[in-house]
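J.: File my_file.txt follows (compact mmCIF, C-alpha atoms):
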# COMPACT_ATOMS: atom_id res chain seq x y z
CA MET B 6 -27.95 6.62 31.38
CA HIS B 7 -24.54 6.33 32.93
CA ILE B 8 -22.59 3.62 31.07
CA GLU B 9 -19.04 3.63 32.36
CA GLY B 10 -18.51 0.89 34.92
CA ASN B 11 -22.19 -0.12 34.86
CA LEU B 12 -23.66 -3.50 33.98
CA ILE B 13 -25.82 -3.02 30.87
CA THR B 14 -28.77 -5.36 30.30
CA GLN B 15 -29.51 -6.84 26.86
CA ASP B 16 -32.58 -4.57 26.48
CA GLN B 17 -30.58 -1.45 27.39
CA LEU B 18 -27.82 -2.53 25.04
CA GLU B 19 -30.18 -2.93 22.08
CA GLU B 20 -31.67 0.47 22.84
CA ILE B 21 -28.23 2.12 22.91
CA ILE B 22 -27.19 0.48 19.61
CA ALA B 23 -30.46 1.43 17.91
CA MET B 24 -30.07 5.04 19.02
CA ALA B 25 -27.46 7.56 17.93
CA LYS B 26 -24.56 6.31 15.76
CA PRO B 27 -21.76 5.76 16.48
CA CYS B 28 -22.74 4.45 19.88
CA ASN B 29 -20.69 4.98 22.98
CA LEU B 30 -20.21 1.98 25.24
CA LYS B 31 -16.89 3.05 26.73
CA GLY B 32 -16.12 1.17 29.91
CA ALA B 33 -19.51 -0.65 29.95
CA ARG B 34 -19.87 -4.10 31.52
CA LEU B 35 -21.54 -6.35 28.97
CA TYR B 36 -21.18 -9.79 30.49
CA GLY B 37 -22.98 -12.49 28.49
CA ALA B 38 -24.49 -10.02 25.98
CA ASN B 39 -25.53 -11.11 22.51
CA LEU B 40 -24.20 -8.76 19.81
CA ALA B 41 -24.32 -11.22 16.90
CA GLY B 42 -24.78 -9.31 13.64
CA ALA B 43 -25.06 -6.00 15.50
CA ASN B 44 -24.21 -2.75 13.75
CA LEU B 45 -21.42 -1.28 15.87
CA GLU B 46 -19.77 0.74 13.12
CA GLY B 47 -17.44 3.33 14.63
CA ALA B 48 -18.59 2.44 18.17
CA ASN B 49 -16.53 3.41 21.15
CA LEU B 50 -15.78 0.22 23.09
CA GLU B 51 -12.62 1.41 24.80
CA GLY B 52 -11.60 -0.82 27.67
CA VAL B 53 -14.84 -2.84 27.48
CA ASN B 54 -14.72 -6.39 28.76
CA LEU B 55 -16.29 -8.35 25.91
CA LYS B 56 -15.36 -11.76 27.28
CA GLY B 57 -18.25 -14.16 26.74
CA VAL B 58 -20.05 -11.75 24.37
CA ASN B 59 -21.29 -13.15 21.06
CA LEU B 60 -19.97 -10.92 18.22
CA CYS B 61 -20.44 -13.33 15.28
CA GLY B 62 -21.01 -11.38 12.07
CA ALA B 63 -21.03 -8.03 13.89
CA ASP B 64 -20.08 -4.93 11.96
CA LEU B 65 -17.35 -3.21 13.94
CA GLU B 66 -15.83 -1.22 11.07
CA GLY B 67 -13.76 1.67 12.40
CA ALA B 68 -14.70 0.86 16.02
CA TYR B 69 -12.46 1.95 18.88
CA LEU B 70 -11.50 -1.11 20.96
CA LYS B 71 -8.34 0.12 22.61
CA ASP B 72 -7.57 -1.92 25.75
CA ALA B 73 -10.74 -3.98 25.23
CA ASN B 74 -10.78 -7.56 26.45
CA LEU B 75 -11.94 -9.95 23.73
CA GLU B 76 -10.41 -13.09 25.16
CA GLY B 77 -11.94 -16.19 23.62
CA VAL B 78 -14.65 -14.19 21.81
CA ASN B 79 -16.17 -15.65 18.66
CA LEU B 80 -15.72 -13.02 15.91
CA LYS B 81 -16.51 -15.34 12.99
CA ASP B 82 -17.53 -13.36 9.87
CA ALA B 83 -17.25 -10.03 11.74
CA ASN B 84 -16.10 -6.90 9.94
CA LEU B 85 -13.21 -5.32 11.79
CA GLU B 86 -11.89 -3.17 8.95
CA GLY B 87 -9.94 -0.18 10.21
CA VAL B 88 -10.69 -1.06 13.82
CA ASN B 89 -8.38 0.22 16.56
CA LEU B 90 -7.30 -2.75 18.73
CA LYS B 91 -4.29 -1.09 20.30
CA ASP B 92 -3.25 -3.05 23.41
CA ALA B 93 -6.46 -5.11 23.22
CA ASN B 94 -6.54 -8.69 24.43
CA LEU B 95 -7.40 -10.98 21.52
CA ALA B 96 -6.04 -14.18 23.02
CA TRP B 97 -7.75 -17.30 21.64
CA VAL B 98 -10.41 -15.35 19.70
CA ASN B 99 -12.03 -17.02 16.70
CA LEU B 100 -11.15 -14.88 13.66
CA ASP B 101 -12.53 -17.17 10.92
CA TRP B 102 -13.07 -15.07 7.78
CA VAL B 103 -12.66 -11.82 9.66
CA ASN B 104 -11.68 -8.67 7.82
CA LEU B 105 -8.91 -6.87 9.69
CA ALA B 106 -7.72 -4.72 6.75
CA GLY B 107 -6.20 -1.47 7.97
CA ALA B 108 -6.72 -2.43 11.63
CA ASN B 109 -4.36 -1.17 14.30
CA LEU B 110 -2.99 -4.21 16.16
CA THR B 111 -0.14 -2.41 17.94
CA GLY B 112 0.53 -4.10 21.27
CA ALA B 113 -2.51 -6.40 20.91
CA ASN B 114 -2.26 -9.85 22.44
CA LEU B 115 -2.83 -12.36 19.64
CA GLU B 116 -1.82 -15.47 21.56
CA GLY B 117 -3.33 -18.65 20.20
CA VAL B 118 -5.15 -16.82 17.40
CA ASN B 119 -5.48 -18.49 14.01
CA LEU B 120 -4.96 -15.85 11.31
CA LYS B 121 -5.24 -18.24 8.37
CA GLY B 122 -8.36 -16.85 6.71
CA VAL B 123 -7.97 -13.28 7.98
CA ASN B 124 -7.56 -10.27 5.70
CA LEU B 125 -4.62 -8.33 7.13
CA GLU B 126 -3.97 -5.92 4.26
CA GLY B 127 -2.63 -2.63 5.57
CA ALA B 128 -2.91 -3.75 9.22
CA LYS B 129 -0.59 -1.87 11.59
CA GLY B 130 1.41 -3.26 14.51
CA ILE B 131 2.35 -6.53 12.81
CA MET B 132 5.22 -7.31 10.45
CA SER B 133 4.42 -7.28 6.76
CA LEU B 134 6.75 -8.00 3.87
CA SER B 135 6.22 -7.99 0.14
CA ILE B 136 9.04 -8.61 -2.34
CA PRO B 137 8.47 -8.77 -6.10
CA GLY B 138 9.26 -12.31 -7.19
CA MET B 139 8.74 -13.80 -3.73
CA SER B 140 5.35 -15.17 -4.70
CA SER B 141 3.82 -15.58 -8.12
CA ARG B 142 0.45 -14.60 -6.68
CA GLY B 143 1.88 -11.42 -5.13
CA ASP B 144 1.21 -12.72 -1.62
CA ILE B 145 2.23 -10.58 1.32
CA LEU B 146 3.97 -12.19 4.30
CA TYR B 147 2.47 -11.27 7.69
CA VAL B 148 4.08 -12.07 11.01
CA VAL B 149 2.89 -11.63 14.58
CA ASN B 150 5.29 -11.89 17.48
CA HIS B 151 4.46 -13.10 20.99
CA ALA B 152 7.39 -12.99 23.33
CA GLY B 153 9.62 -14.40 20.59
CA CYS B 154 7.11 -16.94 19.24
CA LEU B 155 6.49 -15.88 15.64
CA MET B 156 3.42 -16.88 13.69
CA VAL B 157 3.71 -16.51 9.91
CA LYS B 158 0.88 -16.05 7.42
CA PHE B 159 1.85 -16.30 3.75
CA GLY B 160 -0.68 -17.13 1.08
CA TYR B 161 -2.33 -20.37 2.16
CA PHE B 162 0.38 -21.09 4.73
CA TYR B 163 -0.06 -20.39 8.44
CA GLY B 164 2.33 -21.66 11.06
CA ASN B 165 5.29 -20.83 13.28
CA ARG B 166 8.77 -19.85 12.06
CA GLU B 167 10.13 -23.40 12.08
CA GLU B 168 7.13 -24.66 10.09
CA PHE B 169 7.57 -21.77 7.64
CA GLU B 170 11.25 -22.67 7.21
CA GLN B 171 10.24 -26.25 6.48
CA HIS B 172 7.51 -25.07 4.08
CA VAL B 173 9.84 -22.91 1.96
CA GLN B 174 12.59 -25.52 1.97
CA GLU B 175 10.15 -28.06 0.59
CA ASN B 176 8.83 -25.63 -2.02
CA TYR B 177 11.95 -23.76 -3.15
CA GLY B 178 14.99 -25.76 -1.96
CA SER B 179 18.28 -23.97 -2.53
CA GLY B 180 17.35 -22.17 -5.77
CA LYS B 181 17.24 -18.38 -6.18
CA GLN B 182 13.93 -18.13 -4.34
CA GLY B 183 15.31 -20.45 -1.64
CA ILE B 184 18.20 -18.01 -1.07
CA LEU B 185 15.77 -15.08 -0.80
CA TYR B 186 13.56 -17.00 1.66
CA ALA B 187 16.63 -17.91 3.73
CA ALA B 188 17.32 -14.16 4.16
CA VAL B 189 13.66 -13.58 5.08
CA ILE B 190 13.82 -16.38 7.69
CA GLN B 191 17.06 -14.94 9.05
CA LEU B 192 15.31 -11.57 9.49
CA LEU B 193 12.40 -13.29 11.26
CA HIS B 194 14.89 -14.97 13.54
CA VAL B 195 16.58 -11.65 14.37
CA TRP B 196 13.22 -10.00 15.04
CA GLY B 197 12.00 -12.92 17.19
CA THR B 198 15.20 -12.93 19.23
CA ALA B 199 15.25 -9.14 19.67
CA ARG B 200 11.76 -9.11 21.16
CA GLU B 201 12.22 -12.03 23.54
CA MET I 25 -4.34 25.81 -40.77
CA HIS I 26 -1.06 26.41 -39.04
CA ILE I 27 -1.06 24.67 -35.66
CA GLU I 28 2.41 24.88 -34.15
CA GLY I 29 2.59 27.60 -31.51
CA ASN I 30 -0.97 28.72 -32.23
CA LEU I 31 -3.88 28.88 -29.82
CA ILE I 32 -6.54 26.49 -31.12
CA THR I 33 -10.20 27.20 -30.38
CA GLN I 34 -12.54 24.46 -29.16
CA VAL I 35 -14.35 24.41 -32.54
CA GLN I 36 -11.11 24.12 -34.51
CA LEU I 37 -9.93 21.43 -32.09
CA GLU I 38 -13.04 19.32 -32.55
CA GLU I 39 -12.69 19.66 -36.32
CA ILE I 40 -9.06 18.54 -36.24
CA ILE I 41 -9.86 15.53 -34.04
CA ALA I 42 -12.81 14.52 -36.24
CA MET I 43 -10.63 14.67 -39.36
CA ALA I 44 -7.87 12.30 -40.38
CA LYS I 45 -6.45 9.94 -37.76
CA PRO I 46 -3.97 10.12 -36.15
CA CYS I 47 -4.41 13.84 -35.67
CA ASN I 48 -1.53 16.25 -35.62
CA LEU I 49 -1.52 18.88 -32.89
CA LYS I 50 2.23 19.19 -32.56
CA GLY I 51 3.23 22.28 -30.61
CA ALA I 52 -0.37 23.53 -30.36
CA ARG I 53 -1.51 25.72 -27.52
CA LEU I 54 -4.62 24.06 -26.13
CA TYR I 55 -4.96 25.88 -22.84
CA GLY I 56 -8.42 25.36 -21.34
CA ALA I 57 -9.52 22.94 -24.07
CA ARG I 58 -12.20 20.33 -23.32
CA LEU I 59 -10.91 16.96 -24.42
CA TYR I 60 -12.89 14.79 -22.01
CA GLY I 61 -13.10 11.27 -23.46
CA ALA I 62 -11.59 12.42 -26.78
CA ASN I 63 -10.10 9.90 -29.15
CA LEU I 64 -6.49 10.98 -29.58
CA LYS I 65 -5.05 7.56 -30.32
CA ASP I 66 -1.54 7.85 -31.81
CA ALA I 67 -1.98 11.64 -32.03
CA ASN I 68 1.04 13.83 -32.38
CA LEU I 69 1.01 16.21 -29.41
CA GLU I 70 4.76 16.71 -29.15
CA GLY I 71 5.58 19.86 -27.22
CA ALA I 72 1.88 20.80 -27.07
CA ASN I 73 0.70 23.04 -24.28
CA LEU I 74 -2.03 21.09 -22.51
CA LYS I 75 -1.68 22.82 -19.15
CA GLY I 76 -4.75 22.18 -16.97
CA VAL I 77 -6.63 20.58 -19.86
CA ASN I 78 -9.40 18.11 -19.07
CA LEU I 79 -8.40 14.83 -20.72
CA CYS I 80 -10.30 12.53 -18.31
CA GLY I 81 -11.01 9.18 -19.92
CA ALA I 82 -9.37 10.27 -23.19
CA ASN I 83 -7.84 7.67 -25.46
CA LEU I 84 -4.19 8.68 -25.80
CA LYS I 85 -2.93 5.19 -26.57
CA GLY I 86 0.39 5.46 -28.36
CA ALA I 87 0.13 9.27 -28.43
CA ARG I 88 3.31 11.27 -28.96
CA LEU I 89 3.47 13.63 -25.99
CA TYR I 90 7.22 14.12 -25.92
CA GLY I 91 8.01 17.33 -24.04
CA ALA I 92 4.32 18.24 -23.75
CA ASN I 93 3.15 20.52 -20.96
CA LEU I 94 0.51 18.61 -19.01
CA LYS I 95 0.93 20.48 -15.74
CA ASP I 96 -2.27 20.27 -13.63
CA ALA I 97 -3.94 18.32 -16.48
CA TYR I 98 -6.90 16.09 -15.65
CA LEU I 99 -6.05 12.62 -16.92
CA GLU I 100 -8.13 10.44 -14.58
CA GLY I 101 -8.84 7.10 -16.21
CA ALA I 102 -7.11 8.15 -19.44
CA ASN I 103 -5.62 5.48 -21.66
CA LEU I 104 -1.93 6.37 -22.07
CA LYS I 105 -0.81 2.86 -22.94
CA ALA I 106 2.55 2.96 -24.74
CA ALA I 107 2.33 6.76 -25.01
CA ASN I 108 5.57 8.67 -25.30
CA LEU I 109 5.67 11.13 -22.41
CA ALA I 110 9.46 11.44 -22.23
CA GLY I 111 10.46 14.81 -20.81
CA ALA I 112 6.80 15.82 -20.40
CA ASN I 113 5.75 18.14 -17.61
CA LEU I 114 3.12 16.31 -15.56
CA LYS I 115 3.63 18.27 -12.37
CA ASP I 116 0.54 18.06 -10.12
CA ALA I 117 -1.37 16.24 -12.90
CA TYR I 118 -4.37 14.09 -11.95
CA LEU I 119 -3.70 10.57 -13.18
CA GLU I 120 -5.83 8.44 -10.84
CA GLY I 121 -6.58 5.08 -12.42
CA ALA I 122 -4.84 6.05 -15.67
CA ASN I 123 -3.43 3.27 -17.83
CA LEU I 124 0.27 3.98 -18.39
CA THR I 125 1.25 0.42 -19.29
CA GLY I 126 4.50 0.47 -21.23
CA ALA I 127 4.46 4.28 -21.41
CA ASN I 128 7.75 6.11 -21.83
CA LEU I 129 8.12 8.61 -18.99
CA GLU I 130 11.90 9.01 -19.15
CA GLY I 131 12.93 12.22 -17.45
CA ALA I 132 9.30 13.32 -17.07
CA ASN I 133 8.40 15.63 -14.21
CA LEU I 134 5.62 14.03 -12.17
CA GLU I 135 6.26 15.95 -8.96
CA GLY I 136 3.14 16.05 -6.81
CA ALA I 137 1.06 14.17 -9.39
CA ASN I 138 -1.73 11.87 -8.25
CA LEU I 139 -1.24 8.37 -9.67
CA GLU I 140 -3.43 6.51 -7.18
CA GLY I 141 -4.41 3.14 -8.61
CA ALA I 142 -2.68 3.92 -11.93
CA ASN I 143 -1.32 1.06 -14.00
CA LEU I 144 2.40 1.63 -14.65
CA CYS I 145 3.22 -1.96 -15.60
CA ALA I 146 6.46 -2.03 -17.61
CA ALA I 147 6.48 1.79 -17.80
CA TYR I 148 9.87 3.40 -18.43
CA LEU I 149 10.45 5.93 -15.65
CA LYS I 150 14.22 6.28 -15.86
CA GLY I 151 15.30 9.55 -14.29
CA ALA I 152 11.69 10.68 -13.77
CA ASN I 153 10.94 13.08 -10.95
CA LEU I 154 8.42 11.32 -8.71
CA ALA I 155 8.92 13.49 -5.62
CA GLY I 156 5.78 13.69 -3.54
CA VAL I 157 3.82 11.56 -6.01
CA ASN I 158 0.82 9.59 -4.76
CA LEU I 159 1.33 6.01 -5.97
CA LYS I 160 -1.10 4.38 -3.52
CA ASP I 161 -2.23 1.01 -4.92
CA ALA I 162 -0.49 1.77 -8.25
CA ASN I 163 0.89 -1.14 -10.23
CA LEU I 164 4.65 -0.78 -10.82
CA GLU I 165 5.30 -4.38 -11.88
CA GLY I 166 8.18 -4.51 -14.34
CA ALA I 167 8.47 -0.70 -14.38
CA ASN I 168 11.95 0.73 -14.82
CA LEU I 169 12.59 3.22 -12.01
CA GLU I 170 16.34 3.55 -12.51
CA GLY I 171 17.45 6.91 -11.19
CA ALA I 172 13.83 7.93 -10.52
CA TYR I 173 13.47 10.29 -7.59
CA LEU I 174 10.90 9.03 -5.08
CA TYR I 175 11.53 11.32 -2.13
CA GLY I 176 8.28 12.03 -0.31
CA ALA I 177 6.31 9.68 -2.59
CA TYR I 178 3.35 7.83 -1.09
CA LEU I 179 3.85 4.15 -1.91
CA GLU I 180 1.48 2.29 0.41
CA GLY I 181 -0.23 -0.57 -1.40
CA ALA I 182 1.88 -0.12 -4.56
CA LYS I 183 2.58 -3.39 -6.38
CA GLY I 184 5.87 -4.43 -7.95
CA ILE I 185 8.12 -2.88 -5.32
CA MET I 186 9.41 -4.23 -2.01
CA SER I 187 7.67 -3.09 1.15
CA LEU I 188 8.59 -3.99 4.70
CA SER I 189 7.05 -2.98 7.98
CA ILE I 190 8.26 -4.33 11.33
CA PRO I 191 6.80 -3.14 14.63
CA GLY I 192 9.54 -1.33 16.52
CA MET I 193 11.58 -0.56 13.39
CA SER I 194 10.41 3.04 13.39
CA SER I 195 8.69 5.00 16.12
CA ARG I 196 6.56 6.70 13.47
CA GLY I 197 5.47 3.35 12.00
CA ASP I 198 7.29 4.11 8.73
CA ILE I 199 7.25 1.47 6.02
CA LEU I 200 10.44 0.66 4.14
CA PHE I 201 10.08 0.61 0.35
CA ALA I 202 12.74 -0.55 -2.10
CA VAL I 203 12.96 -0.62 -5.88
CA ASN I 204 15.55 -2.67 -7.68
CA HIS I 205 17.11 -2.12 -11.09
CA VAL I 206 19.84 -4.28 -12.48
CA GLY I 207 21.68 -4.42 -9.20
CA CYS I 208 20.96 -0.86 -8.06
CA LEU I 209 18.59 -0.83 -5.14
CA MET I 210 16.94 2.40 -3.99
CA VAL I 211 15.47 2.59 -0.50
CA LYS I 212 12.75 4.90 0.79
CA PHE I 213 12.19 4.93 4.54
CA GLY I 214 10.52 7.84 6.27
CA TYR I 215 12.43 10.94 5.27
CA PHE I 216 15.35 8.90 3.91
CA TYR I 217 15.80 8.20 0.20
CA GLY I 218 19.02 6.73 -1.18
CA ASP I 219 20.74 3.56 -2.36
CA ARG I 220 21.47 0.50 -0.20
CA GLU I 221 24.95 1.65 0.83
CA GLU I 222 23.62 5.05 1.88
CA PHE I 223 20.82 3.34 3.81
CA GLU I 224 23.32 1.11 5.57
CA GLN I 225 25.35 4.19 6.53
CA HIS I 226 22.19 6.01 7.61
CA VAL I 227 21.04 3.29 10.03
CA GLN I 228 24.55 2.65 11.33
CA ASN I 229 24.90 6.34 12.19
CA LYS I 230 21.51 6.31 13.86
CA TYR I 231 21.46 2.98 15.70
CA GLY I 232 25.04 1.64 15.66
CA THR I 233 25.64 -2.06 15.10
CA THR I 234 25.20 -3.52 18.58
CA SER I 235 21.89 -2.07 19.78
CA GLU I 236 18.68 -4.11 19.40
CA GLN I 237 17.55 -1.88 16.54
CA GLY I 238 21.02 -1.91 14.95
CA ILE I 239 20.88 -5.73 14.85
CA LEU I 240 17.36 -5.68 13.39
CA TYR I 241 18.43 -3.24 10.66
CA ALA I 242 21.45 -5.44 9.88
CA GLY I 243 18.98 -8.26 9.16
CA VAL I 244 16.92 -5.91 6.94
CA ILE I 245 20.05 -4.78 5.05
CA GLN I 246 21.11 -8.40 4.57
CA LEU I 247 17.71 -9.14 3.00
CA LEU I 248 18.04 -6.06 0.75
CA HIS I 249 21.51 -7.21 -0.25
CA VAL I 250 20.27 -10.71 -1.20
CA TRP I 251 17.33 -9.29 -3.16
CA GLU I 252 19.58 -6.76 -4.93
CA LYS I 253 21.77 -9.58 -6.20
CA LEU I 254 18.90 -11.94 -7.12
CA ALA I 255 16.24 -9.59 -8.49
CA PRO I 256 17.55 -9.13 -12.03
CA SER I 257 17.26 -12.88 -12.61
CA MET I 258 14.00 -13.50 -10.72
How does this structure look as structure tokens?

T.:
Amino acid sequence: MHIEGNLITQDQLEEIIAMAKPCNLKGARLYGANLAGANLEGANLEGVNLKGVNLCGADLEGAYLKDANLEGVNLKDANLEGVNLKDANLAWVNLDWVNLAGANLTGANLEGVNLKGVNLEGAKGIMSLSIPGMSSRGDILYVVNHAGCLMVKFGYFYGNREEFEQHVQENYGSGKQGILYAAVIQLLHVWGTARE
Amino acid sequence: MHIEGNLITQVQLEEIIAMAKPCNLKGARLYGARLYGANLKDANLEGANLKGVNLCGANLKGARLYGANLKDAYLEGANLKAANLAGANLKDAYLEGANLTGANLEGANLEGANLEGANLCAAYLKGANLAGVNLKDANLEGANLEGAYLYGAYLEGAKGIMSLSIPGMSSRGDILFAVNHVGCLMVKFGYFYGDREEFEQHVQNKYGTTSEQGILYAGVIQLLHVWEKLAPSM
């Protein structure tokens, strides 16, 4: 069956997934498909338009999603560990409790995405910063940048740079940690400005 | 039985270990010995030749291993808590998941050793050679790394050190790592390893001060500078 550029029906799709692993769906058109809970480990989904596809709880560990369009897709509870999302469109996706550890997010569009409950350990293509003493819990600071609009994830905090500044001012004031955070915020500012 | 400088057979070794604790194997030649899971708590192994010896899971808590030869030794999961390994040769040793909490590793040679997931909390690593060491996910909280040589070390996921990754900072996606000791900050970034001043010079030579990257690095150096001053009291 020729996949690239072809519209794949739900029956065909289930057949492909059930067959040889990892499955190859490169360039397929999957409009309206239901892939909830599907095992797509290591699947090739390069350039696939997944808009409108249900991927809740799907296992996409190590999948190749370069240039894929996931705009507005519901990925709740999905496993995206080590997934390659280089230049993928993730605008407004639901990432509730998604595991993105070790994922490649270089050039991915993360506009409007809430990263609050997302595991980003070892993810590439985003800013990460860990300084001993910065957090008693050893939290890592993660930052994504969209045309100069920075979104910061740090422990239980998730918000933009201004909100983060407010958050650390309220928590640490002008003490030693406050001084360290001021330097972190200054770096965020430089990075945000440089990429505008 | 005279031990120092002598080659000890497996039978003799088991006898010695089973006898009085802590056992004394100072200066012994134990090449090829099987010490898997052995109880060598507080043992005196100063200057012993343990090259390539299998000590996986052994209890070496508080053991005296000063100047011992542990090259290529298998120490996975071994308990080396508070052991004295000063000046020991641990080149290419296998230390995955080993407990080295509070161990003295001053001037030890750990070049090429595998310390993945090892616990080095409060370990004393002053002047240790850590070139090319795998410290992935190792715990370095409170460890003293003053003058330690970390060129080529793999530090991803290591705790207790600073790590910074910014998209666009390095075309190779390099992560910047920094360790801080009483106001002396050492930076590892790609192929570079040196103190903060040398790092500043390095990036200025490479990117200048007015380019987009030069400005970004200035922000990074400012953060390093603040941390360098604050860390001893944090």

J.: What lies within 8 Å of range 24-29 of chain B using only C-alpha atoms, ignoring chain neighbours under 2 positions off, as a ChimeraX atom specification?

T.: /B:20-22,31,45-50

J.: As a list in words, please: the residues near Leu49 in chain I (cut-off 8 Å, all atoms listed in the file, same-chain neighbours under 4 positions excluded).

T.: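 Once the adjacent positions are removed, what remains is Ile27, Glu28, Ala67, Asn68, Leu69, Glu70 and Ala72 of chain I.
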
J.: Let me see the file: selected residues, C-alpha atoms, as a CSV table (one decimal), in the frame of the given file.

T.:
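What landed in selection.csv:
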chain,number,residue,atom,x,y,z
I,27,ILE,CA,-1.1,24.7,-35.7
I,28,GLU,CA,2.4,24.9,-34.2
I,67,ALA,CA,-2.0,11.6,-32.0
I,68,ASN,CA,1.0,13.8,-32.4
I,69,LEU,CA,1.0,16.2,-29.4
I,70,GLU,CA,4.8,16.7,-29.2
I,72,ALA,CA,1.9,20.8,-27.1

J.: As a short mmCIF file (atom, residue, chain, number, x, y, z; two decimals) with C-alpha atoms, in the coordinates of the input, could you give me every residue of chain I near chain B (at most 9 Å apart, counting only C-alpha atoms)?

T.:
data_model
loop_
_atom_site.label_atom_id
_atom_site.label_comp_id
_atom_site.auth_asym_id
_atom_site.auth_seq_id
_atom_site.Cartn_x
_atom_site.Cartn_y
_atom_site.Cartn_z
CA GLU I 165 5.30 -4.38 -11.88
CA GLU I 180 1.48 2.29 0.41
CA GLY I 181 -0.23 -0.57 -1.40
CA LYS I 183 2.58 -3.39 -6.38
CA GLY I 184 5.87 -4.43 -7.95
CA ILE I 185 8.12 -2.88 -5.32
CA MET I 186 9.41 -4.23 -2.01
CA SER I 187 7.67 -3.09 1.15
CA LEU I 188 8.59 -3.99 4.70
CA SER I 189 7.05 -2.98 7.98
CA ILE I 190 8.26 -4.33 11.33
CA PRO I 191 6.80 -3.14 14.63
CA GLY I 192 9.54 -1.33 16.52
CA GLY I 197 5.47 3.35 12.00
CA ALA I 202 12.74 -0.55 -2.10
CA GLU I 236 18.68 -4.11 19.40
CA GLN I 237 17.55 -1.88 16.54
CA ILE I 239 20.88 -5.73 14.85
CA LEU I 240 17.36 -5.68 13.39
CA TYR I 241 18.43 -3.24 10.66
CA ALA I 242 21.45 -5.44 9.88
CA GLY I 243 18.98 -8.26 9.16
CA VAL I 244 16.92 -5.91 6.94
CA GLN I 246 21.11 -8.40 4.57
CA LEU I 247 17.71 -9.14 3.00
CA LEU I 248 18.04 -6.06 0.75
CA VAL I 250 20.27 -10.71 -1.20
CA TRP I 251 17.33 -9.29 -3.16
CA LEU I 254 18.90 -11.94 -7.12
CA ALA I 255 16.24 -9.59 -8.49
CA SER I 257 17.26 -12.88 -12.61
CA MET I 258 14.00 -13.50 -10.72
#

J.: Report, in Å to a single decimal, how far apart CA of Gly214 in chain I and CA of Ser195 in chain I are.

T.: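 Taking CA of Ser195 in chain I as the start and CA of Gly214 in chain I as the end point, the length is 10.4 Å.
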
J.: At what distance in Å, to one decimal, does CA of Leu94 in chain I lie from CA of Ala112 in chain I?

T.: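 Those two atoms sit 7.0 Å apart.
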
J.: Between CA of Gly180 in chain B and CA of Phe223 in chain I, what is the distance in Å, rounded to a tenth?

T.: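 It comes out at 27.5 Å.
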
J.: Quick one: everything within 9 Å of His172 in chain B, counting only C-alpha atoms, minus sequence neighbours fewer than 5 positions away in the same chain. Send it as a PyMOL selection string.

T.: chain B and resi 162+167+177

J.: Choose the residue, out of I:Ala137, I:Ala147, I:Leu154, I:Ala142, that has the smallest atom-to-atom separation from Asp96 in chain I; count all atoms listed in the file.

T.: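 Among the listed residues, I:Ala137 lies closest to Asp96 in chain I.
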
J.: Could you write out as lines of an AutoDock Vina configuration file the box around range 97-112 of chain I (axis-aligned, all atoms listed in the file, 4 Å on each side), with centre and edge lengths in Å to one decimal?

T.:
center_x = 0.8
center_y = 10.6
center_z = -19.9
size_x = 27.3
size_y = 23.5
size_z = 18.7

J.: Fewer than 6 positions away in the same chain doesn't count, so skip those; otherwise give me all residues within 9 Å of range 56-61 of chain B, counting all atoms listed in the file, as a list in words.

T.: Leu35, Tyr36, Gly37, Ala38, Asn39, Leu40, Ala41, Gly42, Ala43, Asn74, Leu75, Glu76, Gly77, Val78, Asn79, Leu80, Lys81, Asp82 and Ala83 of chain B

J.: Looking at I:Met43, I:Ala57, I:Ala106, I:Leu129, which one is nearest to Gly91 in chain I, with distances taken over all atoms listed in the file?

T.: I:Leu129

J.: Hey, what's within 7 Å of range 65-67 of chain B if we count only C-alpha atoms and toss same-chain stuff fewer than 3 positions away? As a PyMOL selection string, please?

T.: chain B and resi 44-47+84-89

J.: With C-alpha atoms retained, write the just-selected residues as a PDB file, in the coordinates of the input.

T.:
ATOM      1  CA  ASN B  44     -24.210  -2.750  13.750  1.00  0.00           C
ATOM      2  CA  LEU B  45     -21.420  -1.280  15.870  1.00  0.00           C
ATOM      3  CA  GLU B  46     -19.770   0.740  13.120  1.00  0.00           C
ATOM      4  CA  GLY B  47     -17.440   3.330  14.630  1.00  0.00           C
ATOM      5  CA  ASN B  84     -16.100  -6.900   9.940  1.00  0.00           C
ATOM      6  CA  LEU B  85     -13.210  -5.320  11.790  1.00  0.00           C
ATOM      7  CA  GLU B  86     -11.890  -3.170   8.950  1.00  0.00           C
ATOM      8  CA  GLY B  87      -9.940  -0.180  10.210  1.00  0.00           C
ATOM      9  CA  VAL B  88     -10.690  -1.060  13.820  1.00  0.00           C
ATOM     10  CA  ASN B  89      -8.380   0.220  16.560  1.00  0.00           C
TER      11      ASN B  89
END

J.: Which is closer to Leu74 in chain I than all the others in I:Lys150, I:Arg58, I:Lys253, I:Lys212, using only C-alpha atoms?

T.: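 Among I:Lys150, I:Arg58, I:Lys253, I:Lys212, it is I:Arg58 that comes nearest to Leu74 in chain I.
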